[in-house]
file data.txt (compact mmCIF, C-alpha atoms)
# COMPACT_ATOMS: atom_id res chain seq x y z
CA MET A 12 -34.54 -153.41 295.53
CA GLY A 13 -36.85 -150.49 296.18
CA ALA A 14 -38.47 -149.28 299.37
CA ALA A 15 -42.00 -150.35 300.28
CA PRO A 16 -44.56 -148.44 298.23
CA GLN A 17 -45.97 -145.35 299.83
CA THR A 18 -49.43 -145.81 301.22
CA ASP A 19 -50.55 -142.32 300.26
CA PRO A 20 -49.03 -141.00 297.03
CA PHE A 21 -49.82 -137.43 298.04
CA VAL A 22 -47.64 -137.53 301.15
CA PRO A 23 -44.02 -136.57 300.49
CA GLN A 24 -41.26 -138.56 302.10
CA LEU A 25 -38.41 -136.76 303.76
CA TYR A 26 -35.08 -136.75 301.96
CA ARG A 27 -31.77 -135.20 302.93
CA VAL A 28 -29.82 -133.17 300.41
CA GLY A 29 -26.39 -134.70 300.01
CA ARG A 30 -23.83 -133.38 297.58
CA VAL A 31 -24.79 -130.30 295.61
CA ARG A 32 -23.03 -129.51 292.38
CA ARG A 33 -23.33 -126.37 290.30
CA GLU A 34 -23.71 -127.38 286.66
CA LEU A 35 -24.43 -124.00 285.06
CA ALA A 36 -24.97 -120.48 286.32
CA ASP A 37 -28.62 -121.26 287.12
CA THR A 38 -28.59 -125.05 287.27
CA MET A 39 -27.70 -127.32 290.18
CA THR A 40 -27.52 -131.08 290.63
CA LEU A 41 -28.64 -132.42 294.01
CA GLU A 42 -28.20 -135.86 295.51
CA LEU A 43 -31.22 -136.79 297.62
CA ALA A 44 -31.12 -139.68 300.09
CA PRO A 45 -34.14 -140.89 302.09
CA PHE A 46 -34.06 -140.34 305.84
CA ALA A 47 -35.37 -143.87 306.32
CA GLY A 48 -34.87 -146.99 304.23
CA PRO A 49 -33.50 -147.42 300.74
CA ARG A 50 -34.55 -145.11 297.98
CA PRO A 51 -37.24 -146.52 295.67
CA SER A 52 -36.09 -148.00 292.38
CA PHE A 53 -36.88 -146.14 289.16
CA GLU A 54 -36.78 -146.48 285.41
CA PRO A 55 -34.70 -144.09 283.31
CA GLY A 56 -37.02 -141.31 282.18
CA GLN A 57 -39.23 -141.21 285.27
CA PHE A 58 -39.64 -138.15 287.47
CA ASN A 59 -40.15 -137.24 291.12
CA MET A 60 -42.20 -134.48 292.68
CA LEU A 61 -39.82 -132.38 294.77
CA TYR A 62 -41.30 -130.28 297.56
CA ALA A 63 -39.53 -127.19 298.86
CA PHE A 64 -41.21 -126.68 302.23
CA GLY A 65 -43.31 -123.56 302.39
CA VAL A 66 -42.77 -122.79 298.71
CA GLY A 67 -44.28 -125.55 296.63
CA GLU A 68 -43.84 -128.72 294.64
CA VAL A 69 -42.48 -129.28 291.17
CA ALA A 70 -41.89 -132.25 288.86
CA VAL A 71 -38.23 -132.94 288.15
CA SER A 72 -36.86 -135.80 286.06
CA ILE A 73 -34.41 -138.17 287.64
CA SER A 74 -31.00 -137.59 286.10
CA GLY A 75 -28.79 -140.11 287.89
CA ALA A 76 -27.95 -143.76 287.42
CA ALA A 77 -30.38 -146.45 288.52
CA ASP A 78 -27.71 -148.01 290.74
CA ALA A 79 -26.85 -144.77 292.56
CA SER A 80 -27.74 -144.86 296.25
CA SER A 81 -29.44 -141.45 296.06
CA PHE A 82 -31.89 -139.84 293.69
CA ILE A 83 -30.01 -137.38 291.53
CA HIS A 84 -31.87 -134.38 290.18
CA THR A 85 -30.66 -131.53 288.03
CA VAL A 86 -32.75 -128.45 288.68
CA ARG A 87 -32.76 -125.19 286.80
CA ASP A 88 -33.85 -122.05 288.60
CA VAL A 89 -36.76 -120.88 286.46
CA GLY A 90 -39.28 -119.92 289.14
CA ALA A 91 -40.10 -119.74 292.83
CA VAL A 92 -40.14 -123.49 293.50
CA SER A 93 -37.28 -124.56 291.26
CA GLY A 94 -35.32 -121.56 292.55
CA ALA A 95 -35.88 -122.64 296.16
CA ILE A 96 -34.80 -126.20 295.36
CA ALA A 97 -31.76 -125.06 293.42
CA ALA A 98 -30.76 -122.92 296.40
CA LEU A 99 -30.79 -125.85 298.86
CA GLU A 100 -27.48 -126.72 300.47
CA ALA A 101 -26.06 -130.02 301.63
CA GLY A 102 -27.82 -131.19 304.79
CA ALA A 103 -31.13 -129.51 303.99
CA THR A 104 -34.37 -131.46 304.05
CA ILE A 105 -36.69 -131.77 301.09
CA GLY A 106 -39.97 -133.56 300.44
CA LEU A 107 -40.14 -136.12 297.64
CA ARG A 108 -42.93 -138.11 296.06
CA GLY A 109 -42.23 -140.66 293.40
CA PRO A 110 -40.95 -141.98 291.14
CA PHE A 111 -43.78 -141.45 288.68
CA GLY A 112 -44.50 -141.85 284.99
CA THR A 113 -43.21 -143.90 282.13
CA GLY A 114 -39.57 -144.52 281.27
CA TRP A 115 -37.45 -144.71 278.15
CA PRO A 116 -37.73 -148.05 276.31
CA VAL A 117 -34.21 -149.11 277.24
CA VAL A 118 -35.20 -152.76 277.60
CA SER A 119 -37.40 -153.13 274.51
CA ALA A 120 -34.75 -151.25 272.50
CA GLN A 121 -32.14 -153.92 273.14
CA GLY A 122 -30.76 -155.18 269.85
CA ALA A 123 -31.56 -151.93 268.06
CA ASP A 124 -29.37 -148.97 267.20
CA LEU A 125 -30.03 -145.95 269.40
CA LEU A 126 -30.09 -142.28 268.54
CA LEU A 127 -30.45 -140.05 271.60
CA VAL A 128 -31.13 -136.37 270.94
CA ALA A 129 -31.00 -133.88 273.80
CA GLY A 130 -31.57 -130.15 273.76
CA GLY A 131 -30.60 -127.90 276.66
CA LEU A 132 -31.70 -129.29 280.00
CA GLY A 133 -33.26 -132.21 278.12
CA LEU A 134 -30.00 -134.06 278.60
CA ALA A 135 -30.91 -134.53 282.29
CA PRO A 136 -33.89 -136.89 281.74
CA LEU A 137 -31.90 -138.76 279.08
CA ARG A 138 -28.81 -139.25 281.24
CA PRO A 139 -30.18 -142.27 283.17
CA ALA A 140 -30.92 -143.93 279.81
CA ILE A 141 -27.38 -143.16 278.65
CA TYR A 142 -25.96 -144.66 281.85
CA HIS A 143 -28.08 -147.75 281.31
CA VAL A 144 -27.02 -148.15 277.69
CA LEU A 145 -23.33 -147.63 278.46
CA ALA A 146 -23.52 -150.11 281.35
CA ASN A 147 -25.11 -152.66 279.02
CA ARG A 148 -23.34 -151.61 275.85
CA PRO A 149 -23.12 -155.06 274.16
CA ARG A 150 -26.91 -155.30 274.18
CA TYR A 151 -27.29 -152.40 271.75
CA GLY A 152 -26.14 -151.73 268.21
CA ARG A 153 -24.73 -148.42 267.12
CA VAL A 154 -25.24 -145.66 269.70
CA VAL A 155 -25.29 -142.01 268.66
CA ILE A 156 -25.83 -139.14 271.09
CA LEU A 157 -26.59 -135.64 269.78
CA VAL A 158 -26.60 -132.74 272.22
CA GLY A 159 -27.56 -129.15 271.57
CA SER A 160 -27.42 -126.11 273.76
CA ARG A 161 -27.76 -122.35 273.53
CA ASN A 162 -24.02 -121.68 273.75
CA PRO A 163 -20.89 -123.45 275.04
CA LEU A 164 -21.42 -122.14 278.58
CA GLY A 165 -24.93 -123.60 278.58
CA MET A 166 -23.79 -127.15 277.74
CA LEU A 167 -24.98 -129.40 280.56
CA TYR A 168 -22.70 -132.18 281.92
CA ARG A 169 -19.90 -130.96 279.66
CA ARG A 170 -17.15 -132.91 281.44
CA GLU A 171 -19.16 -136.13 281.30
CA LEU A 172 -19.93 -135.58 277.62
CA GLU A 173 -16.21 -135.25 276.93
CA GLU A 174 -15.60 -138.51 278.82
CA TRP A 175 -18.25 -140.33 276.79
CA ARG A 176 -16.79 -138.84 273.66
CA ARG A 177 -13.51 -140.62 274.31
CA ARG A 178 -15.27 -143.98 274.21
CA LEU A 179 -14.90 -145.83 270.95
CA ASP A 180 -18.32 -147.47 271.14
CA VAL A 181 -20.42 -144.28 271.21
CA ASP A 182 -20.65 -141.43 268.70
CA ILE A 183 -21.30 -138.08 270.31
CA GLU A 184 -21.86 -134.80 268.52
CA MET A 185 -22.42 -131.54 270.35
CA THR A 186 -23.70 -128.34 268.84
CA VAL A 187 -24.55 -124.88 270.08
CA ASP A 188 -26.93 -122.30 268.65
CA HIS A 189 -24.47 -119.46 269.10
CA ALA A 190 -20.72 -119.35 269.66
CA ASP A 191 -17.66 -117.23 269.28
CA ALA A 192 -14.55 -118.32 267.45
CA ASP A 193 -13.12 -120.04 270.56
CA TRP A 194 -15.65 -122.86 270.21
CA HIS A 195 -14.31 -125.55 267.92
CA GLY A 196 -17.41 -127.74 267.82
CA ASN A 197 -20.54 -127.60 265.71
CA VAL A 198 -22.68 -124.48 265.51
CA GLY A 199 -26.30 -124.86 264.47
CA VAL A 200 -29.48 -126.38 265.84
CA VAL A 201 -29.40 -129.97 267.02
CA PRO A 202 -31.86 -131.32 264.39
CA SER A 203 -29.33 -130.29 261.72
CA LEU A 204 -26.92 -132.87 263.13
CA ILE A 205 -29.30 -135.67 262.17
CA ARG A 206 -28.46 -135.14 258.50
CA ARG A 207 -24.75 -135.32 259.29
CA VAL A 208 -24.51 -138.49 261.35
CA ALA A 209 -24.56 -141.96 259.94
CA PHE A 210 -27.33 -144.24 261.19
CA ASP A 211 -29.65 -146.84 259.75
CA PRO A 212 -33.18 -145.39 259.99
CA HIS A 213 -34.77 -148.83 259.84
CA GLU A 214 -32.72 -150.20 262.73
CA THR A 215 -32.71 -147.10 264.91
CA ILE A 216 -34.85 -146.15 267.89
CA ALA A 217 -34.73 -142.45 268.69
CA LEU A 218 -35.11 -140.96 272.16
CA ILE A 219 -35.61 -137.20 272.24
CA CYS A 220 -35.81 -134.73 275.09
CA GLY A 221 -35.74 -130.96 275.02
CA PRO A 222 -37.97 -127.97 274.44
CA GLU A 223 -41.08 -129.02 272.51
CA VAL A 224 -40.23 -126.91 269.45
CA MET A 225 -36.81 -128.53 269.28
CA MET A 226 -38.41 -131.97 269.57
CA ARG A 227 -40.84 -131.20 266.72
CA PHE A 228 -38.00 -130.13 264.44
CA THR A 229 -36.02 -133.20 265.47
CA VAL A 230 -38.95 -135.51 264.69
CA ASN A 231 -39.28 -133.86 261.27
CA ALA A 232 -35.59 -134.48 260.56
CA LEU A 233 -35.89 -138.09 261.71
CA ARG A 234 -38.97 -138.66 259.58
CA GLU A 235 -37.17 -137.17 256.57
CA ALA A 236 -34.32 -139.58 257.26
CA GLY A 237 -36.78 -142.49 257.18
CA VAL A 238 -37.25 -143.30 260.88
CA LEU A 239 -40.77 -144.65 261.43
CA PRO A 240 -43.05 -142.85 263.91
CA ASP A 241 -43.30 -145.88 266.18
CA ARG A 242 -39.53 -145.87 266.68
CA ILE A 243 -39.43 -142.31 268.02
CA TYR A 244 -39.93 -141.51 271.72
CA LEU A 245 -40.31 -138.06 273.27
CA SER A 246 -40.24 -136.91 276.87
CA MET A 247 -43.14 -134.51 277.19
CA GLU A 248 -43.40 -131.67 279.65
CA ARG A 249 -46.67 -130.34 280.97
CA ASN A 250 -47.89 -128.86 284.22
CA MET A 251 -47.63 -131.92 286.47
CA LYS A 252 -49.31 -131.44 289.84
CA CYS A 253 -50.72 -134.61 291.40
CA ALA A 254 -48.43 -136.91 289.37
CA ILE A 255 -50.93 -139.79 289.46
CA GLY A 256 -53.44 -138.79 286.80
CA LEU A 257 -56.14 -137.38 289.07
CA CYS A 258 -56.01 -133.61 288.96
CA GLY A 259 -55.98 -133.15 285.18
CA HIS A 260 -53.45 -130.30 285.11
CA CYS A 261 -51.21 -132.20 282.71
CA GLN A 262 -53.97 -133.52 280.48
CA PHE A 263 -52.70 -134.08 276.96
CA GLY A 264 -55.67 -135.03 274.82
CA PRO A 265 -56.96 -138.32 276.21
CA ALA A 266 -53.75 -138.89 278.19
CA PHE A 267 -52.14 -137.48 281.29
CA VAL A 268 -48.46 -136.70 280.91
CA CYS A 269 -47.75 -137.56 284.56
CA LYS A 270 -49.23 -141.05 284.26
CA ASP A 271 -49.11 -141.95 280.55
CA GLY A 272 -45.86 -140.02 280.06
CA PRO A 273 -43.57 -138.25 280.34
CA VAL A 274 -41.99 -140.63 277.83
CA MET A 275 -44.45 -141.12 274.97
CA ARG A 276 -44.16 -142.84 271.61
CA PHE A 277 -44.48 -140.36 268.78
CA ASP A 278 -47.03 -142.25 266.68
CA ARG A 279 -49.39 -142.28 269.68
CA ILE A 280 -49.26 -138.52 270.21
CA ALA A 281 -48.52 -137.14 266.75
CA GLU A 282 -52.05 -135.86 266.17
CA ILE A 283 -52.37 -134.30 269.61
CA LEU A 284 -48.93 -132.77 269.37
CA ALA A 285 -50.06 -130.92 266.26
CA VAL A 286 -52.96 -129.27 268.11
CA ARG A 287 -51.57 -126.00 269.38
CA GLU A 288 -54.31 -125.47 271.98
CA ILE A 289 -53.27 -128.63 273.87
CA MET B 21 -10.07 -133.33 234.92
CA GLU B 22 -11.23 -136.92 235.04
CA GLY B 23 -10.09 -137.09 238.66
CA LEU B 24 -12.12 -134.05 239.61
CA GLU B 25 -15.16 -135.39 237.81
CA HIS B 26 -14.89 -138.60 239.80
CA ILE B 27 -14.54 -136.67 243.07
CA LEU B 28 -17.56 -134.55 242.19
CA THR B 29 -19.78 -137.54 241.53
CA GLN B 30 -18.77 -138.98 244.91
CA HIS B 31 -19.93 -135.84 246.72
CA PRO B 32 -23.49 -136.13 248.13
CA PHE B 33 -24.49 -132.83 246.50
CA PHE B 34 -23.97 -134.30 243.04
CA ALA B 35 -25.40 -137.74 243.77
CA GLY B 36 -27.38 -138.91 240.76
CA PHE B 37 -26.01 -136.24 238.43
CA SER B 38 -25.80 -137.37 234.81
CA ASP B 39 -22.39 -138.01 233.27
CA GLU B 40 -22.88 -135.12 230.88
CA HIS B 41 -23.72 -132.64 233.62
CA SER B 42 -20.93 -133.92 235.85
CA ARG B 43 -18.51 -133.31 233.01
CA LEU B 44 -19.82 -129.78 232.55
CA VAL B 45 -19.51 -128.94 236.25
CA ALA B 46 -16.07 -130.54 236.49
CA GLY B 47 -14.96 -128.13 233.80
CA CYS B 48 -15.54 -125.30 236.30
CA ALA B 49 -14.02 -127.10 239.31
CA ARG B 50 -10.69 -127.04 241.06
CA ASN B 51 -9.24 -128.55 244.20
CA HIS B 52 -8.55 -126.55 247.35
CA ARG B 53 -6.74 -127.28 250.58
CA TYR B 54 -6.99 -124.92 253.54
CA ASP B 55 -5.25 -125.06 256.89
CA ALA B 56 -7.14 -124.34 260.09
CA GLY B 57 -7.63 -120.61 260.42
CA GLU B 58 -7.56 -119.91 256.69
CA TYR B 59 -10.60 -118.31 255.08
CA LEU B 60 -12.52 -119.61 252.09
CA PHE B 61 -13.84 -116.10 251.67
CA ARG B 62 -14.57 -112.90 253.54
CA GLU B 63 -17.72 -110.82 253.81
CA GLY B 64 -18.02 -108.34 250.96
CA SER B 65 -15.62 -110.12 248.65
CA PRO B 66 -16.83 -111.35 245.25
CA ALA B 67 -18.78 -114.60 245.41
CA ASP B 68 -16.97 -115.99 242.43
CA GLU B 69 -16.77 -119.58 243.65
CA PHE B 70 -18.75 -121.95 245.85
CA PHE B 71 -17.37 -124.93 247.71
CA LEU B 72 -18.13 -128.59 248.25
CA ILE B 73 -16.47 -129.74 251.45
CA ARG B 74 -14.72 -133.07 251.06
CA HIS B 75 -13.11 -133.12 254.46
CA GLY B 76 -12.81 -130.76 257.43
CA GLN B 77 -15.02 -128.13 259.00
CA VAL B 78 -15.88 -124.55 258.05
CA ALA B 79 -17.33 -121.95 260.43
CA LEU B 80 -19.59 -119.27 258.99
CA GLU B 81 -19.24 -116.09 260.98
CA ILE B 82 -20.18 -112.44 261.09
CA VAL B 83 -18.05 -109.77 262.66
CA SER B 84 -19.36 -106.73 264.50
CA PRO B 85 -16.85 -103.92 264.92
CA GLY B 86 -15.03 -104.17 268.23
CA GLN B 87 -16.44 -107.61 269.01
CA ALA B 88 -15.29 -111.16 268.53
CA PRO B 89 -16.73 -112.89 265.45
CA ILE B 90 -20.05 -114.65 266.03
CA VAL B 91 -20.23 -118.12 264.52
CA PHE B 92 -23.76 -118.83 263.29
CA ALA B 93 -23.20 -122.18 261.60
CA THR B 94 -20.59 -124.81 260.95
CA LEU B 95 -20.50 -127.02 257.90
CA GLY B 96 -18.64 -130.25 257.38
CA GLU B 97 -17.92 -133.12 255.07
CA GLY B 98 -20.49 -133.59 252.31
CA GLU B 99 -21.96 -130.10 252.67
CA ILE B 100 -21.76 -127.04 250.45
CA VAL B 101 -20.60 -123.56 251.38
CA GLY B 102 -22.10 -120.52 249.74
CA ALA B 103 -25.17 -119.49 247.79
CA SER B 104 -24.35 -115.84 247.17
CA TRP B 105 -22.81 -116.79 243.82
CA LEU B 106 -26.36 -117.47 242.63
CA VAL B 107 -27.77 -114.04 243.33
CA PRO B 108 -26.56 -110.61 242.14
CA PRO B 109 -24.51 -108.70 243.18
CA TYR B 110 -22.55 -111.95 243.83
CA ARG B 111 -20.90 -110.81 247.06
CA TRP B 112 -20.38 -112.89 250.21
CA MET B 113 -22.51 -111.87 253.18
CA PHE B 114 -20.34 -113.52 255.85
CA ASP B 115 -16.88 -114.96 256.48
CA ALA B 116 -16.12 -118.65 256.00
CA ARG B 117 -13.21 -119.77 258.19
CA CYS B 118 -11.72 -123.25 258.27
CA VAL B 119 -11.81 -124.67 261.79
CA ALA B 120 -9.67 -127.63 260.82
CA LEU B 121 -7.66 -128.73 257.82
CA THR B 122 -10.24 -128.59 255.05
CA ARG B 123 -10.24 -130.06 251.57
CA ALA B 124 -12.84 -128.73 249.20
CA ILE B 125 -13.79 -128.53 245.56
CA GLY B 126 -14.31 -124.96 244.40
CA ILE B 127 -16.70 -124.36 241.51
CA ASP B 128 -16.09 -121.23 239.48
CA ALA B 129 -19.33 -119.27 239.68
CA ALA B 130 -19.15 -117.32 236.42
CA CYS B 131 -18.20 -120.48 234.57
CA LEU B 132 -21.10 -122.45 236.01
CA ARG B 133 -23.63 -119.66 235.60
CA GLY B 134 -22.62 -119.46 231.95
CA LYS B 135 -23.10 -123.19 231.48
CA CYS B 136 -26.48 -123.02 233.22
CA GLU B 137 -27.58 -120.25 230.87
CA ALA B 138 -26.53 -122.38 227.92
CA ASP B 139 -28.06 -125.58 229.30
CA HIS B 140 -31.21 -124.96 231.33
CA ASP B 141 -31.48 -128.64 232.22
CA LEU B 142 -28.18 -128.31 234.04
CA GLY B 143 -29.45 -125.16 235.77
CA TYR B 144 -32.65 -126.92 236.81
CA GLU B 145 -30.74 -129.92 238.17
CA LEU B 146 -28.55 -127.57 240.20
CA MET B 147 -31.54 -125.64 241.54
CA LYS B 148 -33.20 -128.90 242.60
CA ARG B 149 -30.11 -129.55 244.71
CA PHE B 150 -29.58 -126.05 246.04
CA LEU B 151 -33.14 -125.20 246.98
CA PRO B 152 -33.73 -128.00 249.56
CA ILE B 153 -30.46 -127.08 251.23
CA LEU B 154 -31.43 -123.43 251.39
CA VAL B 155 -34.86 -124.31 252.80
CA GLN B 156 -33.31 -126.61 255.42
CA ARG B 157 -30.96 -123.82 256.45
CA LEU B 158 -33.83 -121.35 256.57
CA HIS B 159 -35.77 -123.69 258.91
CA ALA B 160 -32.69 -124.19 261.05
CA THR B 161 -32.19 -120.43 261.27
CA ARG B 162 -35.79 -119.97 262.39
CA LEU B 163 -35.28 -122.49 265.17
CA GLN B 164 -32.00 -120.81 266.09
CA ILE B 165 -33.58 -117.38 266.48
CA LEU B 166 -36.38 -118.83 268.61
CA ASP B 167 -33.73 -119.30 271.31
CA VAL B 168 -35.61 -122.34 272.63
CA TYR B 169 -33.14 -123.00 275.44
CA GLY B 170 -33.61 -119.56 276.97
CA LYS B 171 -35.73 -119.00 280.07
CA ARG B 172 -39.41 -118.60 279.31

call {"tool": "encode", "arguments": {"input": "data.txt", "output": "structure tokens"}}
result
Amino acid sequence: MGAAPQTDPFVPQLYRVGRVRRELADTMTLELAPFAGPRPSFEPGQFNMLYAFGVGEVAVSISGAADASSFIHTVRDVGAVSGAIAALEAGATIGLRGPFGTGWPVVSAQGADLLLVAGGLGLAPLRPAIYHVLANRPRYGRVVILVGSRNPLGMLYRRELEEWRRRLDVDIEMTVDHADADWHGNVGVVPSLIRRVAFDPHETIALICGPEVMMRFTVNALREAGVLPDRIYLSMERNMKCAIGLCGHCQFGPAFVCKDGPVMRFDRIAEILAVREI
Amino acid sequence: MEGLEHILTQHPFFAGFSDEHSRLVAGCARNHRYDAGEYLFREGSPADEFFLIRHGQVALEIVSPGQAPIVFATLGEGEIVGASWLVPPYRWMFDARCVALTRAIGIDAACLRGKCEADHDLGYELMKRFLPILVQRLHATRLQILDVYGKR
């Protein structure tokens, strides 16, 4: 049950930073609980606008489970705002607007096989979908999760990935772009894994999140394998500002990524995705 | 020999190969078994054989003096290791180390090159199989060097 909708979507609500966990050298996961009332409900794949007071606001995907009492966000320090948020400590106050945008098709995908492909920090927006699928495992067919990162030290949620890997009802393959001889997993880009894993292209729905170049290569590999464009979903990233489709900063052809995305079906954006000026 | 021919035809690389060509390739093939840590080949050594992995995992790596080896790719079941046997001077450009117990079919390079010279249809069939793999690996390498997970 979510909180009452905000009357003004531009006004951030106050949230308290709970537990803070360092994931990687520059990446933190924060638990954010509202000062008043329950936190709003969300769909896996949606995002919030997080406001570091006096610094600025940034869109960050929700990376926790839908049944968690707090919003969980994994934030990488890549600039002034994300750096300020990543530096927050437990007990700090943060502004939050949301959730916004479209989610992964975890309900409509019931009955299908699932192939989830994450690159780098792209595992964070996919994690709520993974939680959902694992919590409702009998409703899905074969589930394959492919994860790529720059190197073993850059592998997000490594401990959790190892836990999922021990499950017998999920196939997980991890790969890194570069490694030394101590790494005993796959080395190579994540789209290469698609040719190595067994899945039925006609029964599979693919969910992809990562850097756009990685997603394009992944789509190519999926198309080569026979997955139809309308069974491929991407989480797009653009410069989200207002988050409600008014300001136009995240315009993506005729769509706004904040409102019509971030999760978008490939066949609906294929032509726009190929236009490099957009 | 019949056993090897059967194994070859089961390998994805030779899927759809004619009986005649399978027989010709099997004449150049032999079975290998490597423990984890053993090398299929080392950089600079003669590329006198290429490998079809039946089971296991092979890391391709390059060593810089004074540094730990850098693994740039891993290959597994159903994949092939090595293309340097196709191109003079037929020397390996990297090390291939088995990460796990690995079973592979080795194809004698000089033997196969000779058969391809004698039977261009066989050579063409082989090139049709090798070239897509090389192009896929070239694309993958391009993506790898883009370092897409680095900070922009």

call {"tool": "interface_residues", "arguments": {"input": "data.txt", "of": "chain A", "to": "chain B", "cutoff": "6 Å", "atoms": "all atoms listed in the file", "output": "list in words"}}
result
Gly131, Arg161, Asp188, His189, Ala190, Asp191, Asn197, Val198 and Gly199 of chain A

call {"tool": "residues_around", "arguments": {"input": "data.txt", "residues": "Ile255 of chain A", "least_positions_apart": "5", "cutoff": "8 Å", "atoms": "only C-alpha atoms", "output": "PyMOL selection string"}}
result
chain A and resi 20+111+269-270

call {"tool": "residues_around", "arguments": {"input": "data.txt", "residues": "Leu44 of chain B", "least_positions_apart": "3", "cutoff": "12 Å", "atoms": "all atoms listed in the file", "output": "number ranges by chain"}}
result
B: 21-22, 24-25, 28-29, 37-41, 47-49, 127-128, 131-136, 138-139, 141-143, 146

call {"tool": "write_last_selection", "arguments": {"input": "data.txt", "atoms": "C-alpha atoms", "output": "tab-separated table (two decimals), keeping the file's coordinate frame"}}
result
chain	number	residue	atom	x	y	z
B	21	MET	CA	-10.07	-133.33	234.92
B	22	GLU	CA	-11.23	-136.92	235.04
B	24	LEU	CA	-12.12	-134.05	239.61
B	25	GLU	CA	-15.16	-135.39	237.81
B	28	LEU	CA	-17.56	-134.55	242.19
B	29	THR	CA	-19.78	-137.54	241.53
B	37	PHE	CA	-26.01	-136.24	238.43
B	38	SER	CA	-25.80	-137.37	234.81
B	39	ASP	CA	-22.39	-138.01	233.27
B	40	GLU	CA	-22.88	-135.12	230.88
B	41	HIS	CA	-23.72	-132.64	233.62
B	47	GLY	CA	-14.96	-128.13	233.80
B	48	CYS	CA	-15.54	-125.30	236.30
B	49	ALA	CA	-14.02	-127.10	239.31
B	127	ILE	CA	-16.70	-124.36	241.51
B	128	ASP	CA	-16.09	-121.23	239.48
B	131	CYS	CA	-18.20	-120.48	234.57
B	132	LEU	CA	-21.10	-122.45	236.01
B	133	ARG	CA	-23.63	-119.66	235.60
B	134	GLY	CA	-22.62	-119.46	231.95
B	135	LYS	CA	-23.10	-123.19	231.48
B	136	CYS	CA	-26.48	-123.02	233.22
B	138	ALA	CA	-26.53	-122.38	227.92
B	139	ASP	CA	-28.06	-125.58	229.30
B	141	ASP	CA	-31.48	-128.64	232.22
B	142	LEU	CA	-28.18	-128.31	234.04
B	143	GLY	CA	-29.45	-125.16	235.77
B	146	LEU	CA	-28.55	-127.57	240.20

call {"tool": "atom_distance", "arguments": {"input": "data.txt", "atom1": "atom CA of Asn231 of chain A", "atom2": "atom CA of Met113 of chain B"}}
result
28.8 Å

call {"tool": "residues_around", "arguments": {"input": "data.txt", "residues": "Pro108 of chain B", "least_positions_apart": "3", "cutoff": "12 Å", "atoms": "only C-alpha atoms", "output": "JSON, numbers by chain"}}
result
{"B": [66, 67, 68, 103, 104, 105, 111, 112, 113, 129, 130, 133]}

call {"tool": "closest_residue", "arguments": {"input": "data.txt", "among": "A:Val201, A:Leu25, A:Ala79, A:Val86", "to": "Leu41 of chain A", "atoms": "only C-alpha atoms"}}
result
A:Val86

call {"tool": "atom_distance", "arguments": {"input": "data.txt", "atom1": "atom CA of Gly264 of chain A", "atom2": "atom CA of Arg249 of chain A"}}
result
11.9 Å

call {"tool": "axis_aligned_box", "arguments": {"input": "data.txt", "around": "segment 58-66 of chain A", "padding_each_side": "8 Å", "output": "AutoDock Vina command-line options"}}
result
--center_x -41.4 --center_y -130.5 --center_z 294.9 --size_x 19.8 --size_y 31.4 --size_z 30.9

call {"tool": "decode", "arguments": {"input": "data.txt", "residues": "segment 186-196 of chain A", "atoms": "N, CA and C atoms", "output": "CSV table (one decimal), in the first residue's frame"}}
result
chain,number,residue,atom,x,y,z
A,186,THR,N,30.7,-12.2,-16.5
A,186,THR,CA,31.9,-12.0,-17.3
A,186,THR,C,32.5,-10.6,-17.0
A,187,VAL,N,33.8,-10.5,-17.2
A,187,VAL,CA,34.4,-9.2,-17.0
A,187,VAL,C,35.2,-8.9,-18.3
A,188,ASP,N,35.4,-7.6,-18.6
A,188,ASP,CA,36.1,-7.2,-19.8
A,188,ASP,C,37.6,-7.5,-19.7
A,189,HIS,N,38.1,-7.4,-18.4
A,189,HIS,CA,39.5,-7.6,-18.2
A,189,HIS,C,39.7,-8.3,-16.9
A,190,ALA,N,40.7,-9.1,-16.8
A,190,ALA,CA,41.0,-9.9,-15.6
A,190,ALA,C,42.4,-10.3,-15.6
A,191,ASP,N,42.9,-10.7,-14.4
A,191,ASP,CA,44.2,-11.4,-14.3
A,191,ASP,C,43.9,-12.9,-14.1
A,192,ALA,N,44.9,-13.6,-13.9
A,192,ALA,CA,44.7,-15.1,-13.9
A,192,ALA,C,44.0,-15.6,-12.6
A,193,ASP,N,43.8,-14.7,-11.6
A,193,ASP,CA,43.1,-15.1,-10.4
A,193,ASP,C,41.6,-15.2,-10.6
A,194,TRP,N,41.1,-14.6,-11.6
A,194,TRP,CA,39.7,-14.7,-11.9
A,194,TRP,C,39.4,-16.0,-12.7
A,195,HIS,N,38.5,-16.8,-12.1
A,195,HIS,CA,38.2,-18.0,-12.8
A,195,HIS,C,36.9,-18.1,-13.6
A,196,GLY,N,36.3,-16.9,-13.7
A,196,GLY,CA,35.0,-16.8,-14.5
A,196,GLY,C,35.3,-16.5,-15.9
